[in-house]
2 protein chains.
Amino acid sequence: MPDAVNIKDKFSQFTEHWQPKRIARLNDYDVRIAKLEGEFVWHAHEDTDEMFLVIKGDLKILLRDGEVNLSEGEIYVVPRGVEHRPVADKECHIMMIEPSDAVNTGTAGGDRTASVTDL
Amino acid sequence: MPDAVNIKDKFSQFTEHWQPKRIARLNDYDVRIAKLEGEFVWHAHEDTDEMFLVIKGDLKILLRDGEVNLSEGEIYVVPRGVEHRPVADKECHIMMIEPSDAVNTGTAGGDRTASVTDL
């Protein structure tokens, strides 16, 4: 019998920033968590929307034409093809849902690209 | 500029049980919330996994070979084809992610089948 996945327990198991961890799968989608602090790179995902849910702290998602501010318990879905840049002034914990083949830096690539590891 | 979706705000907007509300879309998936109390029907989804996240309260998911107990902040993904029966002894608030064409009663049908409405 598989157990429930406790999100806060999972966050207690790592400290690094901008390194997505897969905590569950749903069909061909991943449920990923990450700790964020600072600014990420501008990027877009050409083939998929990307869902963000803030578990702890505050997250700003910069868009080319504005920004979205997310607090704990808030969701935003970045539409496919839309350039965005996540920014966390202080450490923030997020859950993301996106296809298992989605890369964190999207079409931008570069040295912030991270493998998704199971947790 | 679309706003963030605040999950608790959305829960404040309805009272009925077992009536899924769509609060966001992610590709061809829905992000749905529902208030549960009591027992649901045994059912399965033949074509998809179904993700449950408890936002408030406790949820039991009965399976034919056991049960999964979920508290606030816990996730369980019911695999496709697996019969399950959600049970909430007291009112429980959940978020579900599943394909937009998924029906709440799956292949069981019957009078507990509910349309998904946007909220």
# chains A, B, ... in the order shown; residues from 1 in each chain; ligands from 1

call {"tool": "closest_atom_pairs", "arguments": {"of": "chain B", "to": "chain A", "cutoff": "7 Å", "atoms": "only C-alpha atoms", "output": "CSV"}}
result
residue,atom,partner,partner_atom,distance
B:Met1,CA,A:Gly66,CA,6.8
B:Asp3,CA,A:Val68,CA,6.5
B:Ala4,CA,A:Tyr76,CA,5.1
B:Val5,CA,A:Ile75,CA,4.9
B:Asn6,CA,A:Glu74,CA,4.4
B:Ile7,CA,A:Gly73,CA,5.8
B:Leu26,CA,A:Asp49,CA,5.7
B:Asn27,CA,A:Asp49,CA,5.8
B:Thr48,CA,A:Asn27,CA,6.5
B:Asp49,CA,A:Leu26,CA,5.7
B:Glu50,CA,A:Leu26,CA,6.9
B:Met51,CA,A:Leu26,CA,6.7
B:Gly66,CA,A:Met1,CA,6.8
B:Val68,CA,A:Asp3,CA,6.4
B:Asn69,CA,A:Ala4,CA,6.9
B:Leu70,CA,A:Ala4,CA,6.1
B:Gly73,CA,A:Ile7,CA,5.9
B:Glu74,CA,A:Asn6,CA,4.4
B:Ile75,CA,A:Val5,CA,5.0
B:Tyr76,CA,A:Ala4,CA,5.1
B:Val77,CA,A:Leu26,CA,6.7

call {"tool": "calpha_fit_and_write", "arguments": {"fixed": "chain B", "moving": "chain A", "output": "compact mmCIF listing (two decimals) with C-alpha atoms, in the first residue's frame"}}
result
# COMPACT_ATOMS: atom_id res chain seq x y z
CA MET A 1 -2.79 40.36 -16.36
CA PRO A 2 -4.45 37.31 -14.81
CA ASP A 3 -4.34 37.17 -11.04
CA ALA A 4 -3.14 34.35 -8.87
CA VAL A 5 -5.84 31.93 -7.77
CA ASN A 6 -6.18 31.86 -3.99
CA ILE A 7 -7.36 28.39 -2.99
CA LYS A 8 -8.88 29.37 0.36
CA ASP A 9 -10.76 32.28 -1.25
CA LYS A 10 -12.23 29.81 -3.72
CA PHE A 11 -13.37 27.51 -0.91
CA SER A 12 -15.16 30.46 0.74
CA GLN A 13 -17.41 30.79 -2.33
CA PHE A 14 -19.44 27.59 -1.97
CA THR A 15 -20.75 25.20 0.65
CA GLU A 16 -22.03 22.09 -1.12
CA HIS A 17 -20.32 18.72 -0.87
CA TRP A 18 -19.05 16.44 -3.65
CA GLN A 19 -19.47 19.13 -6.33
CA PRO A 20 -16.13 19.70 -8.05
CA LYS A 21 -15.25 23.25 -9.07
CA ARG A 22 -12.58 24.08 -11.63
CA ILE A 23 -10.25 26.82 -10.42
CA ALA A 24 -7.56 26.57 -13.13
CA ARG A 25 -6.59 24.67 -16.26
CA LEU A 26 -3.24 23.20 -17.18
CA ASN A 27 -3.12 22.04 -20.81
CA ASP A 28 -5.99 19.54 -21.06
CA TYR A 29 -6.11 19.03 -17.28
CA ASP A 30 -8.32 20.67 -14.66
CA VAL A 31 -7.33 21.91 -11.25
CA ARG A 32 -10.50 21.19 -9.27
CA ILE A 33 -11.48 21.74 -5.66
CA ALA A 34 -14.29 20.15 -3.66
CA LYS A 35 -15.67 19.96 -0.15
CA LEU A 36 -16.28 16.39 0.95
CA GLU A 37 -18.24 14.96 3.83
CA GLY A 38 -19.45 11.40 4.21
CA GLU A 39 -18.85 8.52 1.80
CA PHE A 40 -18.59 8.61 -1.96
CA VAL A 41 -19.26 5.71 -4.32
CA TRP A 42 -16.74 3.08 -5.30
CA HIS A 43 -15.41 3.94 -8.75
CA ALA A 44 -12.37 3.87 -11.00
CA HIS A 45 -11.04 5.99 -13.83
CA GLU A 46 -10.06 3.64 -16.63
CA ASP A 47 -8.03 6.15 -18.63
CA THR A 48 -6.26 8.29 -16.08
CA ASP A 49 -4.56 8.64 -12.73
CA GLU A 50 -6.21 11.07 -10.32
CA MET A 51 -4.29 13.31 -7.92
CA PHE A 52 -5.69 14.29 -4.52
CA LEU A 53 -4.19 17.00 -2.31
CA VAL A 54 -5.82 17.70 1.04
CA ILE A 55 -6.12 21.44 1.72
CA LYS A 56 -7.98 21.16 5.05
CA GLY A 57 -9.13 18.27 7.23
CA ASP A 58 -8.58 14.58 6.71
CA LEU A 59 -9.48 12.28 3.84
CA LYS A 60 -9.55 8.51 3.72
CA ILE A 61 -9.33 6.83 0.34
CA LEU A 62 -10.55 3.25 0.55
CA LEU A 63 -8.99 0.83 -1.91
CA ARG A 64 -10.03 -2.78 -2.45
CA ASP A 65 -6.84 -3.91 -0.73
CA GLY A 66 -6.44 -1.28 1.97
CA GLU A 67 -6.76 2.45 2.53
CA VAL A 68 -4.75 5.64 2.37
CA ASN A 69 -5.15 8.31 5.04
CA LEU A 70 -4.41 11.87 4.00
CA SER A 71 -4.04 14.91 6.20
CA GLU A 72 -3.58 18.55 5.25
CA GLY A 73 -0.66 19.03 2.88
CA GLU A 74 -0.62 15.40 1.76
CA ILE A 75 -0.91 14.01 -1.76
CA TYR A 76 -2.01 10.68 -3.12
CA VAL A 77 -2.29 9.70 -6.76
CA VAL A 78 -4.86 6.97 -7.42
CA PRO A 79 -3.51 4.98 -10.36
CA ARG A 80 -5.71 4.56 -13.43
CA GLY A 81 -8.07 1.61 -13.22
CA VAL A 82 -7.81 1.30 -9.44
CA GLU A 83 -11.14 1.21 -7.63
CA HIS A 84 -11.35 3.73 -4.82
CA ARG A 85 -13.87 5.29 -2.48
CA PRO A 86 -13.18 8.66 -0.82
CA VAL A 87 -14.53 8.97 2.72
CA ALA A 88 -14.47 12.07 4.95
CA ASP A 89 -15.72 11.56 8.50
CA LYS A 90 -15.77 15.34 8.92
CA GLU A 91 -15.78 18.01 6.24
CA CYS A 92 -12.59 17.98 4.24
CA HIS A 93 -11.34 20.33 1.51
CA ILE A 94 -9.41 18.84 -1.37
CA MET A 95 -7.74 19.83 -4.59
CA MET A 96 -7.73 17.35 -7.47
CA ILE A 97 -5.82 17.35 -10.72
CA GLU A 98 -7.07 15.18 -13.54
CA PRO A 99 -7.88 15.44 -17.25
CA SER A 100 -10.70 17.86 -18.08
CA ASP A 101 -12.83 15.01 -19.44
CA ALA A 102 -12.59 12.96 -16.22
CA VAL A 103 -15.96 12.36 -14.55
CA ASN A 104 -16.12 12.32 -10.73
CA THR A 105 -17.77 8.89 -10.59
CA GLY A 106 -15.55 7.40 -13.29
CA THR A 107 -16.96 4.23 -14.79
CA ALA A 108 -19.46 3.77 -11.95
CA GLY A 109 -21.80 6.56 -13.03
CA GLY A 110 -25.01 6.94 -11.04
CA ASP A 111 -26.68 9.82 -9.23
CA ARG A 112 -23.50 11.06 -7.56
CA THR A 113 -22.17 12.08 -10.98
CA ALA A 114 -21.63 15.85 -10.98
CA SER A 115 -20.80 18.40 -13.63
CA VAL A 116 -17.65 20.40 -13.08
CA THR A 117 -18.36 24.12 -12.89
CA ASP A 118 -15.92 27.01 -13.13
CA LEU A 119 -15.29 29.04 -10.02

call {"tool": "select_by_dssp", "arguments": {"residues": "chain B", "states": "helix (DSSP H, G or I)", "output": "list in words"}}
result
Ile7, Lys8, Asp9, Lys10 and Phe11 of chain B

call {"tool": "write_last_selection", "arguments": {"atoms": "N, CA and C atoms", "output": "PDB file, in the first residue's frame"}}
result
ATOM      1  N   ILE B   7      -6.551  29.607  -3.223  1.00  0.00           N
ATOM      2  CA  ILE B   7      -7.353  28.396  -2.999  1.00  0.00           C
ATOM      3  C   ILE B   7      -8.368  28.610  -1.878  1.00  0.00           C
ATOM      4  N   LYS B   8      -7.943  29.204  -0.766  1.00  0.00           N
ATOM      5  CA  LYS B   8      -8.886  29.386   0.355  1.00  0.00           C
ATOM      6  C   LYS B   8     -10.007  30.354   0.003  1.00  0.00           C
ATOM      7  N   ASP B   9      -9.695  31.397  -0.768  1.00  0.00           N
ATOM      8  CA  ASP B   9     -10.762  32.284  -1.254  1.00  0.00           C
ATOM      9  C   ASP B   9     -11.791  31.497  -2.053  1.00  0.00           C
ATOM     10  N   LYS B  10     -11.309  30.616  -2.908  1.00  0.00           N
ATOM     11  CA  LYS B  10     -12.234  29.826  -3.728  1.00  0.00           C
ATOM     12  C   LYS B  10     -13.127  28.951  -2.849  1.00  0.00           C
ATOM     13  N   PHE B  11     -12.546  28.364  -1.789  1.00  0.00           N
ATOM     14  CA  PHE B  11     -13.367  27.522  -0.907  1.00  0.00           C
ATOM     15  C   PHE B  11     -14.433  28.330  -0.170  1.00  0.00           C
TER      16      PHE B  11
END

call {"tool": "select_by_dssp", "arguments": {"residues": "chain A", "states": "strand (DSSP E)", "output": "PyMOL selection string"}}
result
chain A and resi 5-6+21-26+29-39+50-56+59-63+66-70+74-78+84-99+117-118

call {"tool": "decode", "arguments": {"residues": "region 13-55 of chain B", "atoms": "N, CA and C atoms", "output": "PDB file, in the first residue's frame"}}
result
ATOM      1  N   GLN B  13     -16.338  30.395  -1.394  1.00  0.00           N
ATOM      2  CA  GLN B  13     -17.407  30.785  -2.321  1.00  0.00           C
ATOM      3  C   GLN B  13     -18.491  29.728  -2.531  1.00  0.00           C
ATOM      4  N   PHE B  14     -18.386  28.604  -1.831  1.00  0.00           N
ATOM      5  CA  PHE B  14     -19.448  27.592  -1.981  1.00  0.00           C
ATOM      6  C   PHE B  14     -19.496  26.738  -0.723  1.00  0.00           C
ATOM      7  N   THR B  15     -20.590  26.023  -0.557  1.00  0.00           N
ATOM      8  CA  THR B  15     -20.754  25.207   0.648  1.00  0.00           C
ATOM      9  C   THR B  15     -21.062  23.743   0.348  1.00  0.00           C
ATOM     10  N   GLU B  16     -21.520  23.453  -0.862  1.00  0.00           N
ATOM     11  CA  GLU B  16     -22.018  22.099  -1.119  1.00  0.00           C
ATOM     12  C   GLU B  16     -20.894  21.060  -1.183  1.00  0.00           C
ATOM     13  N   HIS B  17     -21.284  19.832  -0.889  1.00  0.00           N
ATOM     14  CA  HIS B  17     -20.330  18.723  -0.872  1.00  0.00           C
ATOM     15  C   HIS B  17     -20.361  17.932  -2.175  1.00  0.00           C
ATOM     16  N   TRP B  18     -19.197  17.383  -2.505  1.00  0.00           N
ATOM     17  CA  TRP B  18     -19.060  16.447  -3.642  1.00  0.00           C
ATOM     18  C   TRP B  18     -19.386  17.088  -4.984  1.00  0.00           C
ATOM     19  N   GLN B  19     -19.217  18.428  -5.076  1.00  0.00           N
ATOM     20  CA  GLN B  19     -19.480  19.140  -6.329  1.00  0.00           C
ATOM     21  C   GLN B  19     -18.181  19.793  -6.779  1.00  0.00           C
ATOM     22  N   PRO B  20     -17.444  19.151  -7.680  1.00  0.00           N
ATOM     23  CA  PRO B  20     -16.135  19.693  -8.063  1.00  0.00           C
ATOM     24  C   PRO B  20     -16.238  21.018  -8.804  1.00  0.00           C
ATOM     25  N   LYS B  21     -15.337  21.935  -8.436  1.00  0.00           N
ATOM     26  CA  LYS B  21     -15.242  23.265  -9.068  1.00  0.00           C
ATOM     27  C   LYS B  21     -13.872  23.380  -9.730  1.00  0.00           C
ATOM     28  N   ARG B  22     -13.864  23.870 -10.953  1.00  0.00           N
ATOM     29  CA  ARG B  22     -12.585  24.068 -11.647  1.00  0.00           C
ATOM     30  C   ARG B  22     -12.050  25.448 -11.317  1.00  0.00           C
ATOM     31  N   ILE B  23     -10.827  25.512 -10.771  1.00  0.00           N
ATOM     32  CA  ILE B  23     -10.241  26.812 -10.422  1.00  0.00           C
ATOM     33  C   ILE B  23      -9.090  27.202 -11.346  1.00  0.00           C
ATOM     34  N   ALA B  24      -8.631  26.255 -12.162  1.00  0.00           N
ATOM     35  CA  ALA B  24      -7.568  26.564 -13.133  1.00  0.00           C
ATOM     36  C   ALA B  24      -7.507  25.415 -14.136  1.00  0.00           C
ATOM     37  N   ARG B  25      -6.843  25.704 -15.253  1.00  0.00           N
ATOM     38  CA  ARG B  25      -6.597  24.667 -16.263  1.00  0.00           C
ATOM     39  C   ARG B  25      -5.104  24.605 -16.550  1.00  0.00           C
ATOM     40  N   LEU B  26      -4.649  23.435 -16.870  1.00  0.00           N
ATOM     41  CA  LEU B  26      -3.240  23.192 -17.185  1.00  0.00           C
ATOM     42  C   LEU B  26      -3.245  22.271 -18.398  1.00  0.00           C
ATOM     43  N   ASN B  27      -2.975  22.802 -19.566  1.00  0.00           N
ATOM     44  CA  ASN B  27      -3.117  22.038 -20.802  1.00  0.00           C
ATOM     45  C   ASN B  27      -4.535  21.447 -20.840  1.00  0.00           C
ATOM     46  N   ASP B  28      -4.654  20.136 -21.020  1.00  0.00           N
ATOM     47  CA  ASP B  28      -5.996  19.532 -21.050  1.00  0.00           C
ATOM     48  C   ASP B  28      -6.374  18.921 -19.701  1.00  0.00           C
ATOM     49  N   TYR B  29      -5.789  19.453 -18.648  1.00  0.00           N
ATOM     50  CA  TYR B  29      -6.113  19.020 -17.288  1.00  0.00           C
ATOM     51  C   TYR B  29      -6.863  20.133 -16.554  1.00  0.00           C
ATOM     52  N   ASP B  30      -7.657  19.723 -15.569  1.00  0.00           N
ATOM     53  CA  ASP B  30      -8.312  20.664 -14.658  1.00  0.00           C
ATOM     54  C   ASP B  30      -7.629  20.644 -13.298  1.00  0.00           C
ATOM     55  N   VAL B  31      -7.590  21.813 -12.673  1.00  0.00           N
ATOM     56  CA  VAL B  31      -7.330  21.901 -11.240  1.00  0.00           C
ATOM     57  C   VAL B  31      -8.697  22.113 -10.609  1.00  0.00           C
ATOM     58  N   ARG B  32      -9.142  21.155  -9.847  1.00  0.00           N
ATOM     59  CA  ARG B  32     -10.492  21.182  -9.265  1.00  0.00           C
ATOM     60  C   ARG B  32     -10.390  21.196  -7.748  1.00  0.00           C
ATOM     61  N   ILE B  33     -11.370  21.823  -7.111  1.00  0.00           N
ATOM     62  CA  ILE B  33     -11.473  21.728  -5.650  1.00  0.00           C
ATOM     63  C   ILE B  33     -12.867  21.220  -5.307  1.00  0.00           C
ATOM     64  N   ALA B  34     -12.973  20.618  -4.129  1.00  0.00           N
ATOM     65  CA  ALA B  34     -14.275  20.145  -3.656  1.00  0.00           C
ATOM     66  C   ALA B  34     -14.257  20.074  -2.140  1.00  0.00           C
ATOM     67  N   LYS B  35     -15.455  20.246  -1.568  1.00  0.00           N
ATOM     68  CA  LYS B  35     -15.664  19.967  -0.148  1.00  0.00           C
ATOM     69  C   LYS B  35     -16.309  18.582  -0.054  1.00  0.00           C
ATOM     70  N   LEU B  36     -15.777  17.764   0.802  1.00  0.00           N
ATOM     71  CA  LEU B  36     -16.276  16.399   0.942  1.00  0.00           C
ATOM     72  C   LEU B  36     -16.764  16.176   2.366  1.00  0.00           C
ATOM     73  N   GLU B  37     -17.837  15.424   2.501  1.00  0.00           N
ATOM     74  CA  GLU B  37     -18.254  14.958   3.834  1.00  0.00           C
ATOM     75  C   GLU B  37     -19.103  13.723   3.644  1.00  0.00           C
ATOM     76  N   GLY B  38     -18.733  12.655   4.359  1.00  0.00           N
ATOM     77  CA  GLY B  38     -19.441  11.389   4.211  1.00  0.00           C
ATOM     78  C   GLY B  38     -18.711  10.480   3.243  1.00  0.00           C
ATOM     79  N   GLU B  39     -19.464   9.541   2.674  1.00  0.00           N
ATOM     80  CA  GLU B  39     -18.858   8.526   1.803  1.00  0.00           C
ATOM     81  C   GLU B  39     -19.244   8.763   0.358  1.00  0.00           C
ATOM     82  N   PHE B  40     -18.311   8.548  -0.529  1.00  0.00           N
ATOM     83  CA  PHE B  40     -18.598   8.613  -1.959  1.00  0.00           C
ATOM     84  C   PHE B  40     -18.830   7.183  -2.462  1.00  0.00           C
ATOM     85  N   VAL B  41     -19.045   7.042  -3.748  1.00  0.00           N
ATOM     86  CA  VAL B  41     -19.266   5.701  -4.335  1.00  0.00           C
ATOM     87  C   VAL B  41     -17.931   5.086  -4.746  1.00  0.00           C
ATOM     88  N   TRP B  42     -17.879   3.779  -4.722  1.00  0.00           N
ATOM     89  CA  TRP B  42     -16.738   3.071  -5.313  1.00  0.00           C
ATOM     90  C   TRP B  42     -16.712   3.358  -6.799  1.00  0.00           C
ATOM     91  N   HIS B  43     -15.544   3.694  -7.298  1.00  0.00           N
ATOM     92  CA  HIS B  43     -15.418   3.941  -8.744  1.00  0.00           C
ATOM     93  C   HIS B  43     -13.957   3.865  -9.157  1.00  0.00           C
ATOM     94  N   ALA B  44     -13.738   3.838 -10.458  1.00  0.00           N
ATOM     95  CA  ALA B  44     -12.379   3.864 -11.003  1.00  0.00           C
ATOM     96  C   ALA B  44     -12.391   4.750 -12.240  1.00  0.00           C
ATOM     97  N   HIS B  45     -11.213   5.240 -12.603  1.00  0.00           N
ATOM     98  CA  HIS B  45     -11.043   5.998 -13.845  1.00  0.00           C
ATOM     99  C   HIS B  45     -10.166   5.146 -14.759  1.00  0.00           C
ATOM    100  N   GLU B  46     -10.762   4.622 -15.810  1.00  0.00           N
ATOM    101  CA  GLU B  46     -10.047   3.652 -16.640  1.00  0.00           C
ATOM    102  C   GLU B  46      -8.906   4.261 -17.422  1.00  0.00           C
ATOM    103  N   ASP B  47      -8.990   5.552 -17.709  1.00  0.00           N
ATOM    104  CA  ASP B  47      -8.026   6.161 -18.632  1.00  0.00           C
ATOM    105  C   ASP B  47      -7.049   7.112 -17.983  1.00  0.00           C
ATOM    106  N   THR B  48      -7.149   7.285 -16.684  1.00  0.00           N
ATOM    107  CA  THR B  48      -6.266   8.297 -16.083  1.00  0.00           C
ATOM    108  C   THR B  48      -6.004   8.049 -14.612  1.00  0.00           C
ATOM    109  N   ASP B  49      -4.830   8.492 -14.169  1.00  0.00           N
ATOM    110  CA  ASP B  49      -4.554   8.635 -12.747  1.00  0.00           C
ATOM    111  C   ASP B  49      -5.351   9.842 -12.240  1.00  0.00           C
ATOM    112  N   GLU B  50      -5.490   9.939 -10.916  1.00  0.00           N
ATOM    113  CA  GLU B  50      -6.210  11.070 -10.323  1.00  0.00           C
ATOM    114  C   GLU B  50      -5.443  11.511  -9.070  1.00  0.00           C
ATOM    115  N   MET B  51      -5.082  12.788  -9.055  1.00  0.00           N
ATOM    116  CA  MET B  51      -4.291  13.299  -7.928  1.00  0.00           C
ATOM    117  C   MET B  51      -5.167  14.010  -6.907  1.00  0.00           C
ATOM    118  N   PHE B  52      -4.999  13.639  -5.649  1.00  0.00           N
ATOM    119  CA  PHE B  52      -5.684  14.282  -4.526  1.00  0.00           C
ATOM    120  C   PHE B  52      -4.655  15.018  -3.673  1.00  0.00           C
ATOM    121  N   LEU B  53      -4.980  16.240  -3.287  1.00  0.00           N
ATOM    122  CA  LEU B  53      -4.182  16.998  -2.310  1.00  0.00           C
ATOM    123  C   LEU B  53      -5.157  17.532  -1.272  1.00  0.00           C
ATOM    124  N   VAL B  54      -4.920  17.206  -0.010  1.00  0.00           N
ATOM    125  CA  VAL B  54      -5.816  17.698   1.049  1.00  0.00           C
ATOM    126  C   VAL B  54      -5.399  19.111   1.452  1.00  0.00           C
ATOM    127  N   ILE B  55      -6.347  20.033   1.351  1.00  0.00           N
ATOM    128  CA  ILE B  55      -6.121  21.431   1.726  1.00  0.00           C
ATOM    129  C   ILE B  55      -6.502  21.659   3.185  1.00  0.00           C
TER     130      ILE B  55
END
